[in-house]
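Peer 1: Got a structure for you, model_30.txt, holding compact mmCIF, N, CA and C atoms.
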```txt
# COMPACT_ATOMS: atom_id res chain seq x y z
N MET I 22 34.86 -16.50 -17.53
CA MET I 22 34.52 -16.63 -18.94
C MET I 22 33.50 -15.58 -19.34
N LEU I 23 32.37 -15.52 -18.64
CA LEU I 23 31.34 -14.55 -18.99
C LEU I 23 31.83 -13.12 -18.79
N GLY I 24 32.82 -12.92 -17.93
CA GLY I 24 33.36 -11.59 -17.71
C GLY I 24 34.08 -11.06 -18.94
N GLU I 25 34.58 -11.94 -19.79
CA GLU I 25 35.37 -11.53 -20.94
C GLU I 25 34.52 -11.28 -22.18
N MET I 26 33.38 -11.94 -22.28
CA MET I 26 32.56 -11.78 -23.47
C MET I 26 31.32 -10.95 -23.16
N THR I 27 30.71 -10.43 -24.21
CA THR I 27 29.50 -9.66 -24.03
C THR I 27 28.37 -10.60 -23.65
N LEU I 28 27.70 -10.28 -22.57
CA LEU I 28 26.58 -11.06 -22.08
C LEU I 28 25.35 -10.71 -22.91
N ARG I 29 24.68 -11.74 -23.46
CA ARG I 29 23.47 -11.53 -24.27
C ARG I 29 22.24 -11.86 -23.45
N CYS I 30 21.28 -10.94 -23.43
CA CYS I 30 20.16 -11.03 -22.50
C CYS I 30 18.82 -10.77 -23.19
N VAL I 31 17.78 -11.50 -22.76
CA VAL I 31 16.40 -11.21 -23.13
C VAL I 31 15.68 -10.83 -21.84
N ILE I 32 14.85 -9.79 -21.91
CA ILE I 32 14.08 -9.34 -20.75
C ILE I 32 12.60 -9.60 -21.01
N VAL I 33 11.93 -10.21 -20.03
CA VAL I 33 10.49 -10.50 -20.13
C VAL I 33 9.77 -9.75 -19.02
N ASP I 34 8.93 -8.78 -19.42
CA ASP I 34 8.19 -7.97 -18.46
C ASP I 34 6.97 -7.41 -19.19
N ASP I 35 5.85 -7.27 -18.49
CA ASP I 35 4.65 -6.76 -19.15
C ASP I 35 4.58 -5.24 -19.17
N SER I 36 5.55 -4.57 -18.57
CA SER I 36 5.58 -3.10 -18.53
C SER I 36 6.55 -2.54 -19.56
N PRO I 37 6.05 -1.79 -20.55
CA PRO I 37 6.95 -1.17 -21.53
C PRO I 37 7.98 -0.25 -20.86
N ALA I 38 7.58 0.45 -19.80
CA ALA I 38 8.49 1.36 -19.11
C ALA I 38 9.64 0.58 -18.46
N VAL I 39 9.32 -0.55 -17.85
CA VAL I 39 10.36 -1.37 -17.22
C VAL I 39 11.28 -1.96 -18.29
N LEU I 40 10.69 -2.43 -19.39
CA LEU I 40 11.51 -2.99 -20.47
C LEU I 40 12.51 -1.95 -20.98
N ARG I 41 12.03 -0.72 -21.17
CA ARG I 41 12.89 0.36 -21.65
C ARG I 41 13.98 0.69 -20.64
N ALA I 42 13.58 0.89 -19.37
CA ALA I 42 14.54 1.26 -18.33
C ALA I 42 15.59 0.18 -18.11
N ALA I 43 15.15 -1.08 -18.01
CA ALA I 43 16.08 -2.19 -17.78
C ALA I 43 17.02 -2.36 -18.98
N SER I 44 16.47 -2.25 -20.19
CA SER I 44 17.30 -2.36 -21.39
C SER I 44 18.36 -1.27 -21.42
N ASP I 45 17.94 -0.03 -21.16
CA ASP I 45 18.89 1.10 -21.18
C ASP I 45 19.99 0.91 -20.14
N LEU I 46 19.60 0.54 -18.92
CA LEU I 46 20.55 0.34 -17.84
C LEU I 46 21.57 -0.74 -18.20
N LEU I 47 21.08 -1.89 -18.62
CA LEU I 47 21.98 -3.02 -18.92
C LEU I 47 22.86 -2.73 -20.12
N GLU I 48 22.31 -2.08 -21.15
CA GLU I 48 23.13 -1.72 -22.32
C GLU I 48 24.26 -0.79 -21.91
N ARG I 49 23.96 0.19 -21.04
CA ARG I 49 25.01 1.11 -20.55
C ARG I 49 26.10 0.36 -19.81
N GLU I 50 25.72 -0.75 -19.17
CA GLU I 50 26.68 -1.54 -18.39
C GLU I 50 27.33 -2.65 -19.21
N GLY I 51 27.13 -2.64 -20.52
CA GLY I 51 27.82 -3.57 -21.39
C GLY I 51 27.11 -4.88 -21.68
N VAL I 52 25.84 -5.00 -21.30
CA VAL I 52 25.06 -6.19 -21.60
C VAL I 52 24.30 -5.95 -22.91
N ALA I 53 24.36 -6.90 -23.83
CA ALA I 53 23.63 -6.78 -25.09
C ALA I 53 22.21 -7.31 -24.87
N VAL I 54 21.22 -6.42 -24.85
CA VAL I 54 19.83 -6.84 -24.73
C VAL I 54 19.37 -7.20 -26.14
N VAL I 55 19.26 -8.50 -26.40
CA VAL I 55 18.98 -8.98 -27.76
C VAL I 55 17.49 -9.12 -28.03
N GLY I 56 16.66 -8.81 -27.03
CA GLY I 56 15.22 -8.86 -27.24
C GLY I 56 14.46 -8.63 -25.96
N VAL I 57 13.21 -8.16 -26.13
CA VAL I 57 12.31 -8.00 -24.99
C VAL I 57 10.98 -8.65 -25.35
N ALA I 58 10.31 -9.20 -24.34
CA ALA I 58 9.03 -9.88 -24.54
C ALA I 58 8.08 -9.48 -23.44
N ARG I 59 6.77 -9.52 -23.76
CA ARG I 59 5.76 -9.16 -22.77
C ARG I 59 4.87 -10.34 -22.37
N THR I 60 4.98 -11.47 -23.08
CA THR I 60 4.14 -12.63 -22.78
C THR I 60 4.99 -13.91 -22.77
N VAL I 61 4.40 -14.98 -22.26
CA VAL I 61 5.08 -16.28 -22.24
C VAL I 61 5.46 -16.69 -23.66
N GLN I 62 4.50 -16.61 -24.59
CA GLN I 62 4.75 -17.06 -25.96
C GLN I 62 5.84 -16.23 -26.64
N GLU I 63 5.78 -14.90 -26.47
CA GLU I 63 6.83 -14.04 -27.05
C GLU I 63 8.19 -14.43 -26.47
N ALA I 64 8.24 -14.70 -25.18
CA ALA I 64 9.50 -15.05 -24.52
C ALA I 64 10.07 -16.33 -25.09
N VAL I 65 9.25 -17.36 -25.20
CA VAL I 65 9.73 -18.65 -25.72
C VAL I 65 10.24 -18.49 -27.15
N SER I 66 9.49 -17.79 -27.99
CA SER I 66 9.91 -17.58 -29.39
C SER I 66 11.22 -16.81 -29.47
N LEU I 67 11.32 -15.73 -28.70
CA LEU I 67 12.53 -14.90 -28.72
C LEU I 67 13.75 -15.68 -28.26
N VAL I 68 13.59 -16.43 -27.19
CA VAL I 68 14.73 -17.17 -26.65
C VAL I 68 15.16 -18.27 -27.62
N GLU I 69 14.19 -18.94 -28.24
CA GLU I 69 14.54 -19.96 -29.24
C GLU I 69 15.31 -19.34 -30.41
N GLU I 70 14.87 -18.15 -30.81
CA GLU I 70 15.48 -17.49 -31.97
C GLU I 70 16.83 -16.85 -31.66
N ARG I 71 16.93 -16.14 -30.54
CA ARG I 71 18.13 -15.34 -30.24
C ARG I 71 19.16 -16.07 -29.39
N LYS I 72 18.75 -17.11 -28.69
CA LYS I 72 19.65 -17.91 -27.85
C LYS I 72 20.52 -17.04 -26.92
N PRO I 73 19.89 -16.26 -26.03
CA PRO I 73 20.66 -15.41 -25.12
C PRO I 73 21.38 -16.22 -24.05
N ASP I 74 22.33 -15.57 -23.38
CA ASP I 74 23.05 -16.20 -22.27
C ASP I 74 22.18 -16.24 -21.02
N VAL I 75 21.31 -15.25 -20.89
CA VAL I 75 20.47 -15.15 -19.70
C VAL I 75 19.13 -14.53 -20.07
N VAL I 76 18.08 -14.95 -19.35
CA VAL I 76 16.74 -14.41 -19.55
C VAL I 76 16.26 -13.86 -18.21
N LEU I 77 15.95 -12.57 -18.18
CA LEU I 77 15.40 -11.94 -16.98
C LEU I 77 13.89 -11.97 -17.10
N VAL I 78 13.21 -12.58 -16.13
CA VAL I 78 11.76 -12.78 -16.21
C VAL I 78 11.07 -12.17 -14.99
N ASP I 79 10.18 -11.21 -15.25
CA ASP I 79 9.38 -10.64 -14.17
C ASP I 79 8.44 -11.71 -13.62
N ILE I 80 8.35 -11.81 -12.32
CA ILE I 80 7.48 -12.80 -11.70
C ILE I 80 6.02 -12.53 -12.04
N ASP I 81 5.63 -11.25 -12.05
CA ASP I 81 4.23 -10.87 -12.27
C ASP I 81 4.06 -10.28 -13.67
N LEU I 82 3.52 -11.09 -14.57
CA LEU I 82 3.32 -10.66 -15.96
C LEU I 82 1.84 -10.41 -16.25
N GLY I 83 1.19 -9.65 -15.39
CA GLY I 83 -0.23 -9.41 -15.58
C GLY I 83 -1.01 -10.69 -15.36
N ARG I 84 -1.64 -11.18 -16.43
CA ARG I 84 -2.43 -12.42 -16.30
C ARG I 84 -1.57 -13.67 -16.40
N GLU I 85 -0.31 -13.50 -16.75
CA GLU I 85 0.59 -14.65 -16.85
C GLU I 85 1.60 -14.62 -15.70
N SER I 86 2.28 -15.72 -15.50
CA SER I 86 3.23 -15.84 -14.40
C SER I 86 4.65 -16.03 -14.92
N GLY I 87 5.57 -15.32 -14.30
CA GLY I 87 6.97 -15.50 -14.65
C GLY I 87 7.47 -16.90 -14.32
N PHE I 88 6.85 -17.52 -13.32
CA PHE I 88 7.22 -18.90 -12.99
C PHE I 88 6.87 -19.82 -14.15
N ASP I 89 5.72 -19.54 -14.81
CA ASP I 89 5.34 -20.32 -15.99
C ASP I 89 6.34 -20.12 -17.12
N VAL I 90 6.80 -18.88 -17.29
CA VAL I 90 7.80 -18.60 -18.34
C VAL I 90 9.05 -19.42 -18.07
N ALA I 91 9.53 -19.41 -16.84
CA ALA I 91 10.75 -20.15 -16.50
C ALA I 91 10.58 -21.64 -16.80
N ARG I 92 9.42 -22.19 -16.42
CA ARG I 92 9.17 -23.62 -16.70
C ARG I 92 9.07 -23.89 -18.19
N ARG I 93 8.36 -23.04 -18.92
CA ARG I 93 8.19 -23.23 -20.36
C ARG I 93 9.53 -23.15 -21.09
N LEU I 94 10.38 -22.24 -20.67
CA LEU I 94 11.68 -22.12 -21.33
C LEU I 94 12.49 -23.39 -21.14
N VAL I 95 12.48 -23.93 -19.95
CA VAL I 95 13.22 -25.17 -19.69
C VAL I 95 12.63 -26.32 -20.51
N GLN I 96 11.29 -26.43 -20.54
CA GLN I 96 10.64 -27.52 -21.27
C GLN I 96 10.83 -27.40 -22.77
N SER I 97 10.62 -26.22 -23.32
CA SER I 97 10.63 -26.08 -24.77
C SER I 97 12.04 -26.02 -25.35
N LEU I 98 12.96 -25.50 -24.59
CA LEU I 98 14.31 -25.35 -25.14
C LEU I 98 15.19 -26.54 -24.84
N ASP I 99 14.91 -27.21 -23.71
CA ASP I 99 15.69 -28.39 -23.34
C ASP I 99 17.18 -28.13 -23.46
N SER I 100 17.60 -26.97 -22.93
CA SER I 100 19.03 -26.66 -23.01
C SER I 100 19.45 -25.82 -21.82
N ALA I 101 20.73 -25.87 -21.53
CA ALA I 101 21.27 -25.06 -20.45
C ALA I 101 21.88 -23.77 -20.98
N GLU I 102 21.72 -23.52 -22.29
CA GLU I 102 22.34 -22.33 -22.88
C GLU I 102 21.77 -21.04 -22.28
N SER I 103 20.46 -20.97 -22.12
CA SER I 103 19.86 -19.79 -21.54
C SER I 103 19.51 -20.05 -20.09
N ARG I 104 20.00 -19.20 -19.24
CA ARG I 104 19.69 -19.34 -17.84
C ARG I 104 18.71 -18.24 -17.44
N THR I 105 17.75 -18.60 -16.61
CA THR I 105 16.68 -17.68 -16.24
C THR I 105 16.91 -17.11 -14.84
N ILE I 106 16.72 -15.79 -14.73
CA ILE I 106 16.76 -15.11 -13.44
C ILE I 106 15.41 -14.43 -13.26
N LEU I 107 14.75 -14.72 -12.16
CA LEU I 107 13.47 -14.08 -11.87
C LEU I 107 13.72 -12.70 -11.29
N ILE I 108 12.89 -11.72 -11.70
CA ILE I 108 13.01 -10.36 -11.19
C ILE I 108 11.63 -9.90 -10.72
N SER I 109 11.62 -8.94 -9.79
CA SER I 109 10.33 -8.43 -9.30
C SER I 109 10.53 -7.16 -8.51
N THR I 110 9.46 -6.37 -8.42
CA THR I 110 9.45 -5.23 -7.49
C THR I 110 9.10 -5.72 -6.10
N HIS I 111 8.54 -6.92 -6.00
CA HIS I 111 8.19 -7.52 -4.71
C HIS I 111 9.44 -8.02 -4.01
N ASP I 112 9.35 -8.20 -2.72
CA ASP I 112 10.44 -8.73 -1.94
C ASP I 112 10.59 -10.23 -2.21
N GLU I 113 11.80 -10.72 -2.22
CA GLU I 113 12.06 -12.14 -2.47
C GLU I 113 11.30 -13.03 -1.48
N ALA I 114 11.16 -12.58 -0.24
CA ALA I 114 10.48 -13.37 0.78
C ALA I 114 9.02 -13.64 0.41
N ASP I 115 8.41 -12.72 -0.36
CA ASP I 115 7.01 -12.90 -0.76
C ASP I 115 6.81 -14.13 -1.64
N PHE I 116 7.87 -14.53 -2.33
CA PHE I 116 7.78 -15.64 -3.29
C PHE I 116 8.82 -16.72 -3.02
N ALA I 117 9.40 -16.73 -1.83
CA ALA I 117 10.54 -17.62 -1.55
C ALA I 117 10.28 -19.07 -1.91
N ASP I 118 9.11 -19.60 -1.55
CA ASP I 118 8.82 -21.01 -1.83
C ASP I 118 8.74 -21.27 -3.33
N LEU I 119 8.07 -20.38 -4.05
CA LEU I 119 7.94 -20.55 -5.51
C LEU I 119 9.28 -20.38 -6.20
N ILE I 120 10.08 -19.44 -5.75
CA ILE I 120 11.42 -19.24 -6.33
C ILE I 120 12.27 -20.49 -6.10
N ALA I 121 12.18 -21.06 -4.91
CA ALA I 121 12.99 -22.23 -4.55
C ALA I 121 12.71 -23.43 -5.45
N VAL I 122 11.46 -23.61 -5.86
CA VAL I 122 11.12 -24.77 -6.69
C VAL I 122 11.11 -24.47 -8.19
N SER I 123 11.38 -23.23 -8.55
CA SER I 123 11.39 -22.88 -9.98
C SER I 123 12.71 -23.32 -10.60
N PRO I 124 12.75 -23.45 -11.93
CA PRO I 124 14.01 -23.81 -12.59
C PRO I 124 14.96 -22.62 -12.75
N ALA I 125 14.56 -21.44 -12.28
CA ALA I 125 15.42 -20.26 -12.39
C ALA I 125 16.68 -20.44 -11.54
N ILE I 126 17.76 -19.79 -11.96
CA ILE I 126 19.01 -19.91 -11.21
C ILE I 126 19.05 -18.97 -10.02
N GLY I 127 18.08 -18.05 -9.94
CA GLY I 127 18.06 -17.13 -8.82
C GLY I 127 17.04 -16.03 -9.00
N PHE I 128 17.10 -15.05 -8.10
CA PHE I 128 16.15 -13.94 -8.06
C PHE I 128 16.91 -12.64 -7.84
N LEU I 129 16.45 -11.58 -8.52
CA LEU I 129 16.98 -10.23 -8.30
C LEU I 129 15.82 -9.26 -8.13
N PRO I 130 15.84 -8.44 -7.08
CA PRO I 130 14.86 -7.36 -7.02
C PRO I 130 15.17 -6.39 -8.17
N LYS I 131 14.13 -5.82 -8.77
CA LYS I 131 14.36 -4.88 -9.88
C LYS I 131 15.25 -3.72 -9.45
N SER I 132 15.14 -3.33 -8.18
CA SER I 132 15.96 -2.21 -7.68
C SER I 132 17.45 -2.55 -7.65
N ASP I 133 17.79 -3.84 -7.66
CA ASP I 133 19.20 -4.27 -7.64
C ASP I 133 19.70 -4.73 -9.00
N LEU I 134 18.88 -4.58 -10.01
CA LEU I 134 19.24 -5.07 -11.34
C LEU I 134 20.48 -4.35 -11.87
N SER I 135 21.47 -5.12 -12.24
CA SER I 135 22.70 -4.56 -12.82
C SER I 135 23.45 -5.69 -13.51
N ALA I 136 24.37 -5.30 -14.38
CA ALA I 136 25.20 -6.30 -15.05
C ALA I 136 26.01 -7.09 -14.02
N THR I 137 26.50 -6.40 -13.00
CA THR I 137 27.29 -7.06 -11.95
C THR I 137 26.46 -8.09 -11.21
N ALA I 138 25.24 -7.73 -10.83
CA ALA I 138 24.37 -8.66 -10.11
C ALA I 138 24.04 -9.88 -10.97
N ILE I 139 23.78 -9.66 -12.25
CA ILE I 139 23.48 -10.77 -13.17
C ILE I 139 24.68 -11.70 -13.29
N ARG I 140 25.86 -11.12 -13.50
CA ARG I 140 27.08 -11.94 -13.63
C ARG I 140 27.36 -12.73 -12.35
N ARG I 141 27.08 -12.10 -11.20
CA ARG I 141 27.30 -12.79 -9.92
C ARG I 141 26.39 -14.02 -9.84
N LEU I 142 25.11 -13.88 -10.21
CA LEU I 142 24.18 -15.02 -10.16
C LEU I 142 24.58 -16.10 -11.17
N LEU I 143 25.04 -15.69 -12.34
CA LEU I 143 25.46 -16.66 -13.35
C LEU I 143 26.68 -17.45 -12.87
N ALA I 144 27.56 -16.78 -12.15
CA ALA I 144 28.77 -17.43 -11.66
C ALA I 144 28.49 -18.33 -10.46
N HIS I 145 27.46 -17.96 -9.68
CA HIS I 145 27.15 -18.70 -8.45
C HIS I 145 25.65 -18.97 -8.35
N PRO I 146 25.10 -19.77 -9.26
CA PRO I 146 23.65 -20.06 -9.17
C PRO I 146 23.34 -20.83 -7.90
N ARG I 147 22.12 -20.67 -7.45
CA ARG I 147 21.73 -21.42 -6.25
C ARG I 147 21.65 -22.90 -6.59
N ASP I 148 22.00 -23.73 -5.64
CA ASP I 148 22.04 -25.18 -5.89
C ASP I 148 20.99 -25.94 -5.11
N GLU I 149 20.36 -25.30 -4.13
CA GLU I 149 19.45 -26.04 -3.29
C GLU I 149 18.26 -26.56 -4.09
N GLY I 150 17.82 -27.75 -3.73
CA GLY I 150 16.65 -28.34 -4.36
C GLY I 150 16.89 -28.95 -5.72
N ARG I 151 18.15 -29.08 -6.11
CA ARG I 151 18.42 -29.61 -7.46
C ARG I 151 18.94 -31.01 -7.39
```
As structure tokens - that is how I would like this structure written.
Peer 2:
Amino acid sequence: MLGEMTLRCVIVDDSPAVLRAASDLLEREGVAVVGVARTVQEAVSLVEERKPDVVLVDIDLGRESGFDVARRLVQSLDSAESRTILISTHDEADFADLIAVSPAIGFLPKSDLSATAIRRLLAHPRDEGR
């Protein structure tokens, strides 16, 4: 299903350079980046307004935490419409325990970020701990 329609995405990262690079990459690969946010509050507002299919959230948002963003999105939106994927320059093993208990459907290293990787996680979200 998601393979046939344009995937709508919001990216949450505190780095303008990462937001630009990730947006450009995903747009080239056919993903519609419908918004970018740098803080928890911006992310919640954008997702409520734009209702994307997926939200990419950097684990390290400066003074804020991507894990908090993932929790806030689930609490405030109370919907399964937007699915959250955590992203980071750090190795997944560095945050394995936190990723496992987060409401995110999975994790992608920023170096592996692609439309294909996002679609794969959406099609096969992790189920452990649910």
Peer 1: One number please: atom CA of Val39 of chain I to atom CA of Asp81 of chain I, in Å, one decimal.
Peer 2: 12.3 Å
Peer 1: Just to confirm, what's the straight-line distance from atom CA of Val33 of chain I to atom CA of Ser123 of chain I in Å (one decimal)?
Peer 2: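 Computing the Euclidean distance for atom CA of Val33 of chain I and atom CA of Ser123 of chain I yields 16.0 Å.
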Peer 1: May I have the residues within 10 Å of segment 135-148 of chain I as a PyMOL selection string, using only C-alpha atoms and disregarding those fewer than 2 positions away in the same chain?
Peer 2: chain I and resi 22-24+28+30+43+46-52+74-77+104-106+121+125-129+131-133+150-151
Peer 1: Residues proximal to (20.7, -7.3, -26.3) were defined as those with any atom within 6.5 Å of that point in the file's coordinates, counting all atoms listed in the file. Which are they, as a list in words?
Peer 2: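 The requested residues, written out, are Arg29, Cys30, Val31, Val52, Ala53, Val54, Val55 and Gly56 of chain I.
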Peer 1: Please report, as JSON, numbers by chain, each residue of chain I to which DSSP assigns strand (DSSP E) when run on this structure's backbone.
Peer 2: {"I": [29, 30, 31, 32, 33, 53, 54, 55, 56, 57, 58, 75, 76, 77, 78, 79, 81, 82, 85, 86, 104, 105, 106, 107, 108, 109, 127, 128, 129, 130]}
Peer 1: For the atom pair atom N of Pro124 of chain I and atom C of Arg92 of chain I, what is the interatomic distance in Å to one decimal place?
Peer 2: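 Interatomic distance, atom N of Pro124 of chain I to atom C of Arg92 of chain I: 7.3 Å.
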Peer 1: Would you mind telling me which residue in I:Thr27, I:Ser109, I:Ser36, I:Gln62 lies nearest to Ile80 of chain I when using all atoms listed in the file?
Peer 2: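 Going through I:Thr27, I:Ser109, I:Ser36, I:Gln62 one by one, the smallest distance to Ile80 of chain I is for I:Ser109.
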Peer 1: Select from segment 22-125 of chain I everything DSSP, run on the backbone, classes as alpha helix (DSSP H), then give the selection as a ChimeraX atom specification.
Peer 2: /I:37-49,61-71,87-98,117-122
Peer 1: Dump N, CA and C atoms for the selected residues as a compact mmCIF listing (two decimals), in the coordinates of the input?
Peer 2:
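Saved the output as again.txt:
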```txt
# COMPACT_ATOMS: atom_id res chain seq x y z
N PRO I 37 6.05 -1.79 -20.55
CA PRO I 37 6.95 -1.17 -21.53
C PRO I 37 7.98 -0.25 -20.86
N ALA I 38 7.58 0.45 -19.80
CA ALA I 38 8.49 1.36 -19.11
C ALA I 38 9.64 0.58 -18.46
N VAL I 39 9.32 -0.55 -17.85
CA VAL I 39 10.36 -1.37 -17.22
C VAL I 39 11.28 -1.96 -18.29
N LEU I 40 10.69 -2.43 -19.39
CA LEU I 40 11.51 -2.99 -20.47
C LEU I 40 12.51 -1.95 -20.98
N ARG I 41 12.03 -0.72 -21.17
CA ARG I 41 12.89 0.36 -21.65
C ARG I 41 13.98 0.69 -20.64
N ALA I 42 13.58 0.89 -19.37
CA ALA I 42 14.54 1.26 -18.33
C ALA I 42 15.59 0.18 -18.11
N ALA I 43 15.15 -1.08 -18.01
CA ALA I 43 16.08 -2.19 -17.78
C ALA I 43 17.02 -2.36 -18.98
N SER I 44 16.47 -2.25 -20.19
CA SER I 44 17.30 -2.36 -21.39
C SER I 44 18.36 -1.27 -21.42
N ASP I 45 17.94 -0.03 -21.16
CA ASP I 45 18.89 1.10 -21.18
C ASP I 45 19.99 0.91 -20.14
N LEU I 46 19.60 0.54 -18.92
CA LEU I 46 20.55 0.34 -17.84
C LEU I 46 21.57 -0.74 -18.20
N LEU I 47 21.08 -1.89 -18.62
CA LEU I 47 21.98 -3.02 -18.92
C LEU I 47 22.86 -2.73 -20.12
N GLU I 48 22.31 -2.08 -21.15
CA GLU I 48 23.13 -1.72 -22.32
C GLU I 48 24.26 -0.79 -21.91
N ARG I 49 23.96 0.19 -21.04
CA ARG I 49 25.01 1.11 -20.55
C ARG I 49 26.10 0.36 -19.81
N VAL I 61 4.40 -14.98 -22.26
CA VAL I 61 5.08 -16.28 -22.24
C VAL I 61 5.46 -16.69 -23.66
N GLN I 62 4.50 -16.61 -24.59
CA GLN I 62 4.75 -17.06 -25.96
C GLN I 62 5.84 -16.23 -26.64
N GLU I 63 5.78 -14.90 -26.47
CA GLU I 63 6.83 -14.04 -27.05
C GLU I 63 8.19 -14.43 -26.47
N ALA I 64 8.24 -14.70 -25.18
CA ALA I 64 9.50 -15.05 -24.52
C ALA I 64 10.07 -16.33 -25.09
N VAL I 65 9.25 -17.36 -25.20
CA VAL I 65 9.73 -18.65 -25.72
C VAL I 65 10.24 -18.49 -27.15
N SER I 66 9.49 -17.79 -27.99
CA SER I 66 9.91 -17.58 -29.39
C SER I 66 11.22 -16.81 -29.47
N LEU I 67 11.32 -15.73 -28.70
CA LEU I 67 12.53 -14.90 -28.72
C LEU I 67 13.75 -15.68 -28.26
N VAL I 68 13.59 -16.43 -27.19
CA VAL I 68 14.73 -17.17 -26.65
C VAL I 68 15.16 -18.27 -27.62
N GLU I 69 14.19 -18.94 -28.24
CA GLU I 69 14.54 -19.96 -29.24
C GLU I 69 15.31 -19.34 -30.41
N GLU I 70 14.87 -18.15 -30.81
CA GLU I 70 15.48 -17.49 -31.97
C GLU I 70 16.83 -16.85 -31.66
N ARG I 71 16.93 -16.14 -30.54
CA ARG I 71 18.13 -15.34 -30.24
C ARG I 71 19.16 -16.07 -29.39
N GLY I 87 5.57 -15.32 -14.30
CA GLY I 87 6.97 -15.50 -14.65
C GLY I 87 7.47 -16.90 -14.32
N PHE I 88 6.85 -17.52 -13.32
CA PHE I 88 7.22 -18.90 -12.99
C PHE I 88 6.87 -19.82 -14.15
N ASP I 89 5.72 -19.54 -14.81
CA ASP I 89 5.34 -20.32 -15.99
C ASP I 89 6.34 -20.12 -17.12
N VAL I 90 6.80 -18.88 -17.29
CA VAL I 90 7.80 -18.60 -18.34
C VAL I 90 9.05 -19.42 -18.07
N ALA I 91 9.53 -19.41 -16.84
CA ALA I 91 10.75 -20.15 -16.50
C ALA I 91 10.58 -21.64 -16.80
N ARG I 92 9.42 -22.19 -16.42
CA ARG I 92 9.17 -23.62 -16.70
C ARG I 92 9.07 -23.89 -18.19
N ARG I 93 8.36 -23.04 -18.92
CA ARG I 93 8.19 -23.23 -20.36
C ARG I 93 9.53 -23.15 -21.09
N LEU I 94 10.38 -22.24 -20.67
CA LEU I 94 11.68 -22.12 -21.33
C LEU I 94 12.49 -23.39 -21.14
N VAL I 95 12.48 -23.93 -19.95
CA VAL I 95 13.22 -25.17 -19.69
C VAL I 95 12.63 -26.32 -20.51
N GLN I 96 11.29 -26.43 -20.54
CA GLN I 96 10.64 -27.52 -21.27
C GLN I 96 10.83 -27.40 -22.77
N SER I 97 10.62 -26.22 -23.32
CA SER I 97 10.63 -26.08 -24.77
C SER I 97 12.04 -26.02 -25.35
N LEU I 98 12.96 -25.50 -24.59
CA LEU I 98 14.31 -25.35 -25.14
C LEU I 98 15.19 -26.54 -24.84
N ALA I 117 9.40 -16.73 -1.83
CA ALA I 117 10.54 -17.62 -1.55
C ALA I 117 10.28 -19.07 -1.91
N ASP I 118 9.11 -19.60 -1.55
CA ASP I 118 8.82 -21.01 -1.83
C ASP I 118 8.74 -21.27 -3.33
N LEU I 119 8.07 -20.38 -4.05
CA LEU I 119 7.94 -20.55 -5.51
C LEU I 119 9.28 -20.38 -6.20
N ILE I 120 10.08 -19.44 -5.75
CA ILE I 120 11.42 -19.24 -6.33
C ILE I 120 12.27 -20.49 -6.10
N ALA I 121 12.18 -21.06 -4.91
CA ALA I 121 12.99 -22.23 -4.55
C ALA I 121 12.71 -23.43 -5.45
N VAL I 122 11.46 -23.61 -5.86
CA VAL I 122 11.12 -24.77 -6.69
C VAL I 122 11.11 -24.47 -8.19
```
Peer 1: Name the closest residue to Asp79 of chain I among the candidates I:Val122, I:Ile108, I:Val57, I:Met26; distances are taken between atoms, counting all atoms listed in the file.
Peer 2: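 With all atoms listed in the file as the atom set, the closest residue is I:Ile108.
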Peer 1: Counting only N, CA and C atoms, which residue out of I:Val61, I:Arg71, I:Asp112, I:Ile120 sits closest to Glu85 of chain I?
Peer 2: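 Closest to Glu85 of chain I of all the choices is I:Val61.
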